[in-house]
Structure formats: C-alpha cells, structure tokens
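Peer 1: Got a file for you: my_file11.pdb, PDB, C-alpha atoms, pLDDT in the B column.
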ATOM      1  CA  MET A1172     -12.466 -17.270   1.275  1.00 41.00           C
ATOM      2  CA  SER A1173     -14.702 -17.226   4.303  1.00 41.00           C
ATOM      3  CA  ASP A1174     -14.768 -13.446   4.544  1.00 44.00           C
ATOM      4  CA  THR A1175     -15.935 -13.082   0.935  1.00 45.00           C
ATOM      5  CA  ALA A1176     -18.806 -15.464   1.508  1.00 43.00           C
ATOM      6  CA  ALA A1177     -19.867 -13.539   4.601  1.00 45.00           C
ATOM      7  CA  GLY A1178     -21.475 -10.795   2.553  1.00 47.00           C
ATOM      8  CA  GLU A1179     -18.376  -8.907   1.408  1.00 50.00           C
ATOM      9  CA  PRO A1180     -19.659  -5.676  -0.134  1.00 50.00           C
ATOM     10  CA  ARG A1181     -18.846  -5.434  -3.841  1.00 51.00           C
ATOM     11  CA  ALA A1182     -17.796  -1.797  -3.501  1.00 50.00           C
ATOM     12  CA  PRO A1183     -16.956  -1.264   0.174  1.00 52.00           C
ATOM     13  CA  ALA A1184     -15.692   2.288  -0.435  1.00 68.00           C
ATOM     14  CA  GLY A1185     -15.401   4.862  -3.220  1.00 87.00           C
ATOM     15  CA  ARG A1186     -13.093   4.523  -6.226  1.00 91.00           C
ATOM     16  CA  ALA A1187     -11.062   7.535  -5.139  1.00 93.00           C
ATOM     17  CA  ARG A1188     -10.129   5.747  -1.931  1.00 95.00           C
ATOM     18  CA  PHE A1189      -8.906   2.678  -3.818  1.00 96.00           C
ATOM     19  CA  ALA A1190      -7.005   4.920  -6.228  1.00 97.00           C
ATOM     20  CA  ALA A1191      -5.261   6.581  -3.262  1.00 97.00           C
ATOM     21  CA  ILE A1192      -4.459   3.208  -1.669  1.00 97.00           C
ATOM     22  CA  GLY A1193      -2.992   1.956  -4.956  1.00 97.00           C
ATOM     23  CA  PHE A1194      -0.870   5.076  -5.366  1.00 98.00           C
ATOM     24  CA  VAL A1195       0.520   5.057  -1.808  1.00 98.00           C
ATOM     25  CA  GLY A1196       1.174   1.302  -1.986  1.00 97.00           C
ATOM     26  CA  GLY A1197       2.957   1.696  -5.314  1.00 97.00           C
ATOM     27  CA  PHE A1198       5.002   4.670  -4.153  1.00 98.00           C
ATOM     28  CA  LEU A1199       6.218   3.148  -0.867  1.00 97.00           C
ATOM     29  CA  GLY A1200       6.492  -0.389  -2.247  1.00 97.00           C
ATOM     30  CA  SER A1201       8.742   0.833  -5.033  1.00 97.00           C
ATOM     31  CA  LEU A1202      10.692   3.316  -2.874  1.00 98.00           C
ATOM     32  CA  LEU A1203      11.600   0.457  -0.507  1.00 97.00           C
ATOM     33  CA  GLY A1204      11.764  -2.286  -3.148  1.00 97.00           C
ATOM     34  CA  VAL A1205       9.344  -4.549  -1.302  1.00 95.00           C
ATOM     35  CA  GLY A1206       6.261  -4.418  -3.525  1.00 93.00           C
ATOM     36  CA  GLY A1207       3.740  -2.596  -1.370  1.00 94.00           C
ATOM     37  CA  GLY A1208       1.679  -5.276   0.373  1.00 92.00           C
ATOM     38  CA  PHE A1209       2.652  -3.812   3.755  1.00 92.00           C
ATOM     39  CA  VAL A1210       0.611  -0.711   2.809  1.00 94.00           C
ATOM     40  CA  LEU A1211      -1.977  -2.185   0.424  1.00 95.00           C
ATOM     41  CA  VAL A1212      -3.304  -4.797   2.856  1.00 93.00           C
ATOM     42  CA  PRO A1213      -3.748  -2.699   6.041  1.00 93.00           C
ATOM     43  CA  LEU A1214      -5.115   0.321   4.135  1.00 95.00           C
ATOM     44  CA  GLN A1215      -7.726  -1.808   2.356  1.00 95.00           C
ATOM     45  CA  VAL A1216      -8.738  -3.427   5.631  1.00 93.00           C
ATOM     46  CA  LEU A1217      -8.751  -0.322   7.841  1.00 93.00           C
ATOM     47  CA  TRP A1218      -9.713   2.436   5.413  1.00 93.00           C
ATOM     48  CA  ALA A1219     -11.813   0.648   2.769  1.00 93.00           C
ATOM     49  CA  LYS A1220     -13.350  -2.061   4.997  1.00 92.00           C
ATOM     50  CA  VAL A1221     -12.194  -4.902   2.743  1.00 93.00           C
ATOM     51  CA  GLY A1222     -11.960  -8.326   4.430  1.00 92.00           C
ATOM     52  CA  PRO A1223      -8.384  -9.461   5.224  1.00 89.00           C
ATOM     53  CA  HIS A1224      -8.321 -12.432   2.796  1.00 88.00           C
ATOM     54  CA  LEU A1225      -9.733 -10.338  -0.029  1.00 93.00           C
ATOM     55  CA  ALA A1226      -7.302  -7.483   0.755  1.00 93.00           C
ATOM     56  CA  ASN A1227      -4.379  -9.907   0.706  1.00 90.00           C
ATOM     57  CA  GLY A1228      -5.320 -11.474  -2.642  1.00 91.00           C
ATOM     58  CA  THR A1229      -6.058  -8.104  -4.252  1.00 94.00           C
ATOM     59  CA  SER A1230      -2.764  -6.702  -2.954  1.00 94.00           C
ATOM     60  CA  LEU A1231      -0.832  -9.464  -4.761  1.00 93.00           C
ATOM     61  CA  LEU A1232      -2.388  -8.606  -8.119  1.00 95.00           C
ATOM     62  CA  VAL A1233      -1.886  -4.845  -7.555  1.00 96.00           C
ATOM     63  CA  ILE A1234       1.817  -5.484  -6.867  1.00 96.00           C
ATOM     64  CA  VAL A1235       2.173  -6.856 -10.419  1.00 96.00           C
ATOM     65  CA  PRO A1236       1.680  -3.479 -12.210  1.00 97.00           C
ATOM     66  CA  ILE A1237       3.624  -1.732  -9.404  1.00 97.00           C
ATOM     67  CA  ALA A1238       6.641  -3.959 -10.098  1.00 97.00           C
ATOM     68  CA  LEU A1239       6.084  -3.734 -13.867  1.00 97.00           C
ATOM     69  CA  ALA A1240       6.383   0.063 -13.617  1.00 98.00           C
ATOM     70  CA  ALA A1241       9.192   0.131 -11.047  1.00 98.00           C
ATOM     71  CA  VAL A1242      11.561  -2.498 -12.487  1.00 98.00           C
ATOM     72  CA  PRO A1243      12.186  -0.649 -15.804  1.00 98.00           C
ATOM     73  CA  VAL A1244      12.930   2.574 -13.884  1.00 98.00           C
ATOM     74  CA  TYR A1245      15.417   0.785 -11.601  1.00 98.00           C
ATOM     75  CA  ALA A1246      16.905  -1.060 -14.599  1.00 97.00           C
ATOM     76  CA  LEU A1247      17.035   1.690 -17.220  1.00 95.00           C
ATOM     77  CA  ALA A1248      17.677   4.765 -15.077  1.00 90.00           C
ATOM     78  CA  GLY A1249      20.327   3.212 -12.890  1.00 86.00           C
ATOM     79  CA  GLY A1250      21.110  -0.354 -13.988  1.00 93.00           C
ATOM     80  CA  GLU A1251      19.890  -1.335 -10.528  1.00 96.00           C
ATOM     81  CA  VAL A1252      18.335  -4.725 -11.357  1.00 97.00           C
ATOM     82  CA  ASN A1253      20.298  -7.980 -11.381  1.00 96.00           C
ATOM     83  CA  PHE A1254      18.089 -10.561 -13.104  1.00 94.00           C
ATOM     84  CA  ARG A1255      20.758 -13.204 -12.506  1.00 94.00           C
ATOM     85  CA  LEU A1256      20.083 -12.816  -8.749  1.00 94.00           C
ATOM     86  CA  ALA A1257      16.315 -12.282  -9.099  1.00 95.00           C
ATOM     87  CA  VAL A1258      15.649 -15.649 -10.773  1.00 94.00           C
ATOM     88  CA  PRO A1259      16.776 -17.974  -7.928  1.00 93.00           C
ATOM     89  CA  LEU A1260      15.010 -15.723  -5.399  1.00 93.00           C
ATOM     90  CA  ALA A1261      11.735 -15.915  -7.340  1.00 93.00           C
ATOM     91  CA  VAL A1262      11.987 -19.670  -7.949  1.00 92.00           C
ATOM     92  CA  GLY A1263      12.687 -20.259  -4.250  1.00 92.00           C
ATOM     93  CA  ALA A1264       9.839 -17.968  -3.191  1.00 90.00           C
ATOM     94  CA  VAL A1265       7.218 -19.660  -5.378  1.00 88.00           C
ATOM     95  CA  PHE A1266       8.324 -23.044  -3.984  1.00 88.00           C
ATOM     96  CA  GLY A1267       8.452 -21.633  -0.430  1.00 86.00           C
ATOM     97  CA  ALA A1268       4.932 -20.196  -0.726  1.00 82.00           C
ATOM     98  CA  TYR A1269       3.688 -23.641  -1.765  1.00 82.00           C
ATOM     99  CA  VAL A1270       5.483 -25.314   1.154  1.00 81.00           C
ATOM    100  CA  GLY A1271       4.490 -22.546   3.587  1.00 76.00           C
ATOM    101  CA  ALA A1272       0.809 -22.759   2.675  1.00 73.00           C
ATOM    102  CA  ARG A1273       0.822 -26.514   3.339  1.00 77.00           C
ATOM    103  CA  ALA A1274       2.985 -26.386   6.453  1.00 72.00           C
ATOM    104  CA  ALA A1275       1.209 -23.347   7.961  1.00 66.00           C
ATOM    105  CA  ALA A1276      -0.969 -25.405  10.285  1.00 70.00           C
ATOM    106  CA  ARG A1277       1.998 -27.361  11.648  1.00 76.00           C
ATOM    107  CA  MET A1278       4.409 -24.423  11.975  1.00 72.00           C
ATOM    108  CA  PRO A1279       5.154 -23.039  15.458  1.00 78.00           C
ATOM    109  CA  GLU A1280       3.756 -19.680  14.354  1.00 80.00           C
ATOM    110  CA  ALA A1281       4.406 -17.733  17.576  1.00 85.00           C
ATOM    111  CA  THR A1282       8.058 -18.852  17.658  1.00 85.00           C
ATOM    112  CA  LEU A1283       8.587 -18.126  13.958  1.00 82.00           C
ATOM    113  CA  ARG A1284       6.978 -14.704  14.418  1.00 87.00           C
ATOM    114  CA  ARG A1285       9.378 -13.804  17.249  1.00 90.00           C
ATOM    115  CA  ILE A1286      12.463 -15.054  15.399  1.00 89.00           C
ATOM    116  CA  VAL A1287      11.603 -13.103  12.226  1.00 88.00           C
ATOM    117  CA  ALA A1288      10.769  -9.982  14.271  1.00 92.00           C
ATOM    118  CA  VAL A1289      14.074 -10.085  16.177  1.00 94.00           C
ATOM    119  CA  VAL A1290      16.141 -10.671  13.010  1.00 92.00           C
ATOM    120  CA  LEU A1291      14.407  -7.770  11.226  1.00 93.00           C
ATOM    121  CA  LEU A1292      14.855  -5.535  14.299  1.00 95.00           C
ATOM    122  CA  VAL A1293      18.600  -6.249  14.466  1.00 95.00           C
ATOM    123  CA  VAL A1294      19.089  -5.640  10.728  1.00 94.00           C
ATOM    124  CA  GLY A1295      16.894  -2.508  10.879  1.00 96.00           C
ATOM    125  CA  LEU A1296      18.830  -1.031  13.831  1.00 96.00           C
ATOM    126  CA  LYS A1297      22.137  -1.765  12.110  1.00 94.00           C
ATOM    127  CA  GLN A1298      20.989  -0.019   8.918  1.00 94.00           C
ATOM    128  CA  LEU A1299      19.549   2.934  10.801  1.00 94.00           C
ATOM    129  CA  ILE A1300      22.698   3.507  12.900  1.00 93.00           C
ATOM    130  CA  ILE A1301      25.439   2.472  10.444  1.00 91.00           C
ATOM    131  CA  PRO A1302      24.017   2.919   6.924  1.00 88.00           C
TER     132      PRO A1302
ATOM    133  CA  MET B 166      24.781 -23.667 -10.261  1.00 64.00           C
ATOM    134  CA  LEU B 167      26.753 -21.360  -8.032  1.00 84.00           C
ATOM    135  CA  LEU B 168      26.704 -21.254  -4.249  1.00 87.00           C
ATOM    136  CA  THR B 169      25.108 -17.810  -4.533  1.00 87.00           C
ATOM    137  CA  ASP B 170      22.169 -19.292  -6.446  1.00 89.00           C
ATOM    138  CA  VAL B 171      21.659 -21.948  -3.780  1.00 89.00           C
ATOM    139  CA  LEU B 172      21.760 -19.336  -0.999  1.00 88.00           C
ATOM    140  CA  LEU B 173      19.352 -17.068  -2.877  1.00 88.00           C
ATOM    141  CA  ALA B 174      16.982 -19.941  -3.604  1.00 91.00           C
ATOM    142  CA  LEU B 175      17.025 -20.800   0.128  1.00 89.00           C
ATOM    143  CA  ALA B 176      16.336 -17.137   0.974  1.00 87.00           C
ATOM    144  CA  GLY B 177      13.484 -17.294  -1.538  1.00 87.00           C
ATOM    145  CA  VAL B 178      12.054 -20.430   0.088  1.00 88.00           C
ATOM    146  CA  LEU B 179      12.290 -18.700   3.481  1.00 85.00           C
ATOM    147  CA  ALA B 180      10.595 -15.580   2.066  1.00 85.00           C
ATOM    148  CA  GLY B 181       7.816 -17.621   0.493  1.00 83.00           C
ATOM    149  CA  ALA B 182       7.244 -19.697   3.617  1.00 81.00           C
ATOM    150  CA  VAL B 183       7.359 -16.670   5.937  1.00 80.00           C
ATOM    151  CA  SER B 184       4.869 -14.772   3.771  1.00 77.00           C
ATOM    152  CA  GLY B 185       2.562 -17.787   3.774  1.00 69.00           C
ATOM    153  CA  VAL B 186       2.699 -18.340   7.529  1.00 70.00           C
ATOM    154  CA  LEU B 187       3.052 -14.777   8.849  1.00 72.00           C
ATOM    155  CA  GLY B 188       1.286 -12.895   6.063  1.00 67.00           C
ATOM    156  CA  VAL B 189       4.201 -10.604   5.262  1.00 71.00           C
ATOM    157  CA  GLY B 190       5.533  -9.822   1.802  1.00 74.00           C
ATOM    158  CA  GLY B 191       8.523 -11.603   0.308  1.00 80.00           C
ATOM    159  CA  GLY B 192      10.363  -8.327  -0.298  1.00 86.00           C
ATOM    160  CA  LEU B 193      10.844  -7.967   3.434  1.00 90.00           C
ATOM    161  CA  VAL B 194      13.161 -11.001   3.218  1.00 90.00           C
ATOM    162  CA  PHE B 195      14.518 -10.463  -0.338  1.00 93.00           C
ATOM    163  CA  VAL B 196      16.136  -7.066   0.291  1.00 95.00           C
ATOM    164  CA  PRO B 197      17.965  -7.908   3.568  1.00 93.00           C
ATOM    165  CA  ALA B 198      19.028 -11.291   2.089  1.00 92.00           C
ATOM    166  CA  LEU B 199      20.676  -9.417  -0.794  1.00 94.00           C
ATOM    167  CA  THR B 200      22.172  -6.537   1.232  1.00 95.00           C
ATOM    168  CA  VAL B 201      23.165  -8.228   4.489  1.00 92.00           C
ATOM    169  CA  GLY B 202      23.581 -11.735   3.074  1.00 90.00           C
ATOM    170  CA  LEU B 203      25.404 -11.026  -0.174  1.00 91.00           C
ATOM    171  CA  GLY B 204      26.647  -7.452   0.272  1.00 93.00           C
ATOM    172  CA  VAL B 205      24.610  -6.150  -2.666  1.00 95.00           C
ATOM    173  CA  PRO B 206      24.196  -2.330  -2.566  1.00 96.00           C
ATOM    174  CA  GLN B 207      20.779  -1.074  -1.355  1.00 97.00           C
ATOM    175  CA  THR B 208      19.366   0.242  -4.667  1.00 97.00           C
ATOM    176  CA  LEU B 209      20.508  -2.829  -6.622  1.00 97.00           C
ATOM    177  CA  ALA B 210      18.959  -5.045  -3.923  1.00 97.00           C
ATOM    178  CA  GLN B 211      15.670  -3.132  -4.123  1.00 97.00           C
ATOM    179  CA  GLY B 212      15.449  -3.264  -7.928  1.00 97.00           C
ATOM    180  CA  THR B 213      16.359  -6.965  -7.919  1.00 97.00           C
ATOM    181  CA  SER B 214      13.823  -7.634  -5.161  1.00 96.00           C
ATOM    182  CA  LEU B 215      11.068  -5.999  -7.250  1.00 96.00           C
ATOM    183  CA  ALA B 216      12.031  -8.155 -10.251  1.00 96.00           C
ATOM    184  CA  ALA B 217      11.793 -11.282  -8.039  1.00 94.00           C
ATOM    185  CA  ILE B 218       8.483 -10.114  -6.552  1.00 94.00           C
ATOM    186  CA  LEU B 219       6.882  -9.785 -10.005  1.00 93.00           C
ATOM    187  CA  PRO B 220       6.451 -13.517 -10.798  1.00 91.00           C
ATOM    188  CA  THR B 221       5.894 -14.356  -7.118  1.00 90.00           C
ATOM    189  CA  ALA B 222       3.023 -11.874  -6.761  1.00 91.00           C
ATOM    190  CA  LEU B 223       1.580 -12.934 -10.134  1.00 92.00           C
ATOM    191  CA  VAL B 224       1.450 -16.627  -9.135  1.00 90.00           C
ATOM    192  CA  GLY B 225       0.072 -15.786  -5.679  1.00 88.00           C
ATOM    193  CA  GLY B 226      -2.452 -13.330  -7.113  1.00 91.00           C
ATOM    194  CA  ILE B 227      -3.774 -15.759  -9.737  1.00 92.00           C
ATOM    195  CA  THR B 228      -4.144 -18.423  -7.040  1.00 89.00           C
ATOM    196  CA  ALA B 229      -6.013 -15.945  -4.817  1.00 89.00           C
ATOM    197  CA  ASP B 230      -8.275 -14.958  -7.719  1.00 93.00           C
ATOM    198  CA  ARG B 231      -9.164 -18.610  -8.392  1.00 94.00           C
ATOM    199  CA  GLU B 232     -10.185 -18.877  -4.736  1.00 91.00           C
ATOM    200  CA  GLY B 233     -12.365 -15.767  -5.088  1.00 93.00           C
ATOM    201  CA  ASN B 234     -10.022 -13.641  -2.952  1.00 91.00           C
ATOM    202  CA  VAL B 235      -9.515 -10.716  -5.338  1.00 93.00           C
ATOM    203  CA  LEU B 236     -11.611  -7.552  -5.284  1.00 94.00           C
ATOM    204  CA  ARG B 237     -11.982  -7.401  -9.067  1.00 94.00           C
ATOM    205  CA  SER B 238     -14.230  -4.320  -9.033  1.00 93.00           C
ATOM    206  CA  HIS B 239     -11.386  -2.077  -7.827  1.00 95.00           C
ATOM    207  CA  LEU B 240      -8.382  -3.964  -9.179  1.00 96.00           C
ATOM    208  CA  VAL B 241      -7.844  -1.808 -12.278  1.00 96.00           C
ATOM    209  CA  ILE B 242      -8.001   1.555 -10.504  1.00 97.00           C
ATOM    210  CA  MET B 243      -5.588   0.342  -7.809  1.00 97.00           C
ATOM    211  CA  GLY B 244      -3.267  -1.204 -10.378  1.00 97.00           C
ATOM    212  CA  VAL B 245      -3.119   1.879 -12.608  1.00 98.00           C
ATOM    213  CA  LEU B 246      -2.455   4.235  -9.706  1.00 98.00           C
ATOM    214  CA  GLY B 247      -0.104   1.648  -8.209  1.00 98.00           C
ATOM    215  CA  ALA B 248       1.979   1.655 -11.408  1.00 98.00           C
ATOM    216  CA  PHE B 249       2.025   5.466 -11.364  1.00 98.00           C
ATOM    217  CA  GLY B 250       3.135   5.533  -7.715  1.00 98.00           C
ATOM    218  CA  GLY B 251       5.583   2.717  -8.417  1.00 98.00           C
ATOM    219  CA  ALA B 252       7.361   4.700 -11.135  1.00 98.00           C
ATOM    220  CA  ILE B 253       7.606   7.784  -8.893  1.00 98.00           C
ATOM    221  CA  GLY B 254       8.831   5.711  -5.926  1.00 98.00           C
ATOM    222  CA  ALA B 255      11.568   4.176  -8.070  1.00 98.00           C
ATOM    223  CA  VAL B 256      12.696   7.603  -9.333  1.00 97.00           C
ATOM    224  CA  LEU B 257      12.902   8.833  -5.720  1.00 97.00           C
ATOM    225  CA  ALA B 258      14.786   5.714  -4.563  1.00 97.00           C
ATOM    226  CA  LEU B 259      17.394   6.310  -7.286  1.00 97.00           C
ATOM    227  CA  ALA B 260      17.606  10.038  -6.500  1.00 97.00           C
ATOM    228  CA  LEU B 261      18.125   9.669  -2.739  1.00 97.00           C
ATOM    229  CA  PRO B 262      21.673   9.421  -1.365  1.00 96.00           C
ATOM    230  CA  THR B 263      22.389   5.748  -0.523  1.00 95.00           C
ATOM    231  CA  GLU B 264      22.863   6.393   3.235  1.00 96.00           C
ATOM    232  CA  VAL B 265      19.429   8.029   3.372  1.00 97.00           C
ATOM    233  CA  LEU B 266      17.787   5.133   1.517  1.00 97.00           C
ATOM    234  CA  VAL B 267      19.507   2.576   3.791  1.00 97.00           C
ATOM    235  CA  ARG B 268      18.309   4.485   6.885  1.00 97.00           C
ATOM    236  CA  VAL B 269      14.750   4.726   5.537  1.00 97.00           C
ATOM    237  CA  PHE B 270      14.810   0.989   4.839  1.00 97.00           C
ATOM    238  CA  GLY B 271      16.195   0.318   8.343  1.00 97.00           C
ATOM    239  CA  ALA B 272      13.328   2.305   9.866  1.00 97.00           C
ATOM    240  CA  PHE B 273      10.888   0.323   7.723  1.00 96.00           C
ATOM    241  CA  LEU B 274      12.400  -2.961   9.017  1.00 95.00           C
ATOM    242  CA  ILE B 275      12.062  -1.819  12.641  1.00 96.00           C
ATOM    243  CA  VAL B 276       8.390  -0.882  12.126  1.00 95.00           C
ATOM    244  CA  SER B 277       7.837  -4.234  10.357  1.00 93.00           C
ATOM    245  CA  ALA B 278       9.529  -6.105  13.210  1.00 94.00           C
ATOM    246  CA  TRP B 279       7.231  -4.386  15.692  1.00 94.00           C
ATOM    247  CA  ARG B 280       4.137  -5.223  13.621  1.00 91.00           C
ATOM    248  CA  ILE B 281       5.153  -8.874  13.232  1.00 89.00           C
ATOM    249  CA  TRP B 282       5.956  -9.213  16.953  1.00 91.00           C
ATOM    250  CA  ARG B 283       2.637  -7.702  18.026  1.00 89.00           C
ATOM    251  CA  ASN B 284       0.328  -9.446  15.560  1.00 77.00           C
TER     252      ASN B 284
END
For the file at hand, write its structure as structure tokens.
Peer 2:
Amino acid sequence: MSDTAAGEPRAPAGRARFAAIGFVGGFLGSLLGVGGGFVLVPLQVLWAKVGPHLANGTSLLVIVPIALAAVPVYALAGGEVNFRLAVPLAVGAVFGAYVGARAAARMPEATLRRIVAVVLLVVGLKQLIIP
Amino acid sequence: MLLTDVLLALAGVLAGAVSGVLGVGGGLVFVPALTVGLGVPQTLAQGTSLAAILPTALVGGITADREGNVLRSHLVIMGVLGAFGGAIGAVLALALPTEVLVRVFGAFLIVSAWRIWRN
C-alpha cells in the first residue's frame, strides 16, 4: 500500500507494454501450470516501473482470466484437470494465505527461504535429469 | 475425507503460507506436490494446479484491490492478453511430449530456487 501512496504513476508505461506482459505471463503461466505471477510481477516492476505491491496485487487479478482460459483447454482437449484434487488444494491455499499473512512477521523468513529453495532445487534437478 | 485430501489441503496451506511470506506463487508448490507427492502425471498436475489457482488468485486479488494494490488502469488489457497467452500455453503444454514438459518444468524449478535463495 505504501508504494501506491508514494506517487505511483497511473500509467507508468504504454498499453502495448502491459499487453505484452499479460501475454507472456499467460503463455508461460499456462505452459507450466503455475499461473504466471513469476513473470507478471518482475516484468511489471522492471519493465513497466510498477511498484512491487501494486505489481503483486495486479498479477493476482490477471491470473484469474489466464486460468479461466487455460483450465478449459487442459480439461476439454486432454482431460488434464482433476477437480477432485484441486478443491482441497485451493481450500488449503486460501487458509494458508490467511495464516501466512498473519504469521509473516514472526516467521524465520531467511530459514524458510533456504528450505524452500533447496527443496525446489532437488525436485528441479530430479525432473531435469530423470523426467 | 480421504488421506489424499488431507495431504493436499496441507500442501495448499504450505503453498498459501509460502506465497504470503516469500512472495512466490502457489503453483510453484501445487505442481510438485501433485507430481512428486502423489505421483500425478505432469500435464494433469499442471491443469489441476491452474484450477486450484483460480479461486486462490481471485480471493487474493480482491483483497489486494480493496487495499488499493491493483493497477486498475491496465488490468483489462493484461487480462485479455493473458487469457489469449494462457490458451496458447495450454495448447503447447498438451502438445509437448511429457518428458520435454517435465524437463522444462524442472528447469523452471531450478531458476525459481535460485531466485528464492538470492532474494
């Protein structure tokens, strides 16, 4: 919220740039099945000079149409969506986001960061070497 | 309620908490939880992850908007092009051989790990 109050420009860059960011975020987010925040946030910050909090919030709402377009393709073209598995994940995530937001200040962030990074590295190496 | 549901809900809580504290998306946890944790094939995990992300991102996005943290002026253009890119990305994910998609995802995880470690 602080970065919006600090004179966030209403249109920090041209529409074409935001269109490109949306497209790339949607493409990669759907290709990898992760939504697209990993592209939408840094591109808005670095390329369109949007403040990090604003970029993060905007990214979440852009992911909604990305997922709305991608899920039917995965489901109808390949039957590659299991809603039975998606529901507990989503319920847990909404609860976890609530808990995480409140516990953020008390979490050992540096330790958590390293643990998550190492786990992702191990899984990533495994998938890259033995797909 | 099955054991699978409990495990998935716990993975969801972890994903939600990690995204809140570290600022990374829930999908980064959803997909490996499904593939590595439950042995779900890569494309099914990705499609399921996107379905789980939908309500999660909607709730998070509405909350962010209430706090004034959404760039409303450029939301529509990004969303429309995002949907377009999202459809194409899904078509490509389904067209790629599974081993290729798994390797691409593995590379993505390694890059993500590096970014999280450094931040």
Peer 1: Could you tell me, as a compact mmCIF listing (two decimals) with C-alpha atoms, keeping the file's coordinate frame, exactly which residues end up selected when the PyMOL selection byres ((chain B) within 6 of (chain A)) is applied to this structure?
Peer 2:
# COMPACT_ATOMS: atom_id res chain seq x y z
CA ASP B 170 22.17 -19.29 -6.45
CA LEU B 173 19.35 -17.07 -2.88
CA ALA B 174 16.98 -19.94 -3.60
CA GLY B 177 13.48 -17.29 -1.54
CA VAL B 178 12.05 -20.43 0.09
CA ALA B 180 10.60 -15.58 2.07
CA GLY B 181 7.82 -17.62 0.49
CA ALA B 182 7.24 -19.70 3.62
CA GLY B 185 2.56 -17.79 3.77
CA VAL B 186 2.70 -18.34 7.53
CA GLY B 192 10.36 -8.33 -0.30
CA LEU B 209 20.51 -2.83 -6.62
CA GLN B 211 15.67 -3.13 -4.12
CA GLY B 212 15.45 -3.26 -7.93
CA THR B 213 16.36 -6.96 -7.92
CA LEU B 215 11.07 -6.00 -7.25
CA ALA B 217 11.79 -11.28 -8.04
CA LEU B 219 6.88 -9.78 -10.01
CA THR B 221 5.89 -14.36 -7.12
CA ALA B 222 3.02 -11.87 -6.76
CA GLY B 226 -2.45 -13.33 -7.11
CA ALA B 229 -6.01 -15.94 -4.82
CA ASN B 234 -10.02 -13.64 -2.95
CA VAL B 235 -9.52 -10.72 -5.34
CA LEU B 236 -11.61 -7.55 -5.28
CA ILE B 242 -8.00 1.56 -10.50
CA MET B 243 -5.59 0.34 -7.81
CA GLY B 244 -3.27 -1.20 -10.38
CA LEU B 246 -2.46 4.24 -9.71
CA GLY B 247 -0.10 1.65 -8.21
CA ALA B 248 1.98 1.66 -11.41
CA GLY B 250 3.14 5.53 -7.72
CA GLY B 251 5.58 2.72 -8.42
CA ALA B 252 7.36 4.70 -11.14
CA GLY B 254 8.83 5.71 -5.93
CA ALA B 255 11.57 4.18 -8.07
CA ALA B 258 14.79 5.71 -4.56
CA GLU B 264 22.86 6.39 3.24
CA VAL B 267 19.51 2.58 3.79
CA ARG B 268 18.31 4.49 6.88
CA GLY B 271 16.20 0.32 8.34
CA LEU B 274 12.40 -2.96 9.02
CA ILE B 275 12.06 -1.82 12.64
CA ALA B 278 9.53 -6.10 13.21
CA ILE B 281 5.15 -8.87 13.23
CA TRP B 282 5.96 -9.21 16.95
Peer 1: Could you please determine the separation between atom CA of Leu168 of chain B and atom CA of Val201 of chain B in Å, to one decimal place?
Peer 2: 16.1 Å
Peer 1: So how far away is atom CA of Pro1213 of chain A from atom CA of Val194 of chain B, in Å?
Peer 2: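 Taking atom CA of Val194 of chain B and atom CA of Pro1213 of chain A, their separation equals 19.0 Å.
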Peer 1: Between atom CA of Pro206 of chain B and atom CA of Thr263 of chain B, what is the spacing in Å?
Peer 2: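 Distance between the two atoms: 8.5 Å.
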Peer 1: With distances taken over only C-alpha atoms, which of B:Ala260, B:Val276, B:Ile218, B:Leu203 is nearest to Gly190 of chain B?
Peer 2: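 Among the listed residues, B:Ile218 lies closest to Gly190 of chain B.
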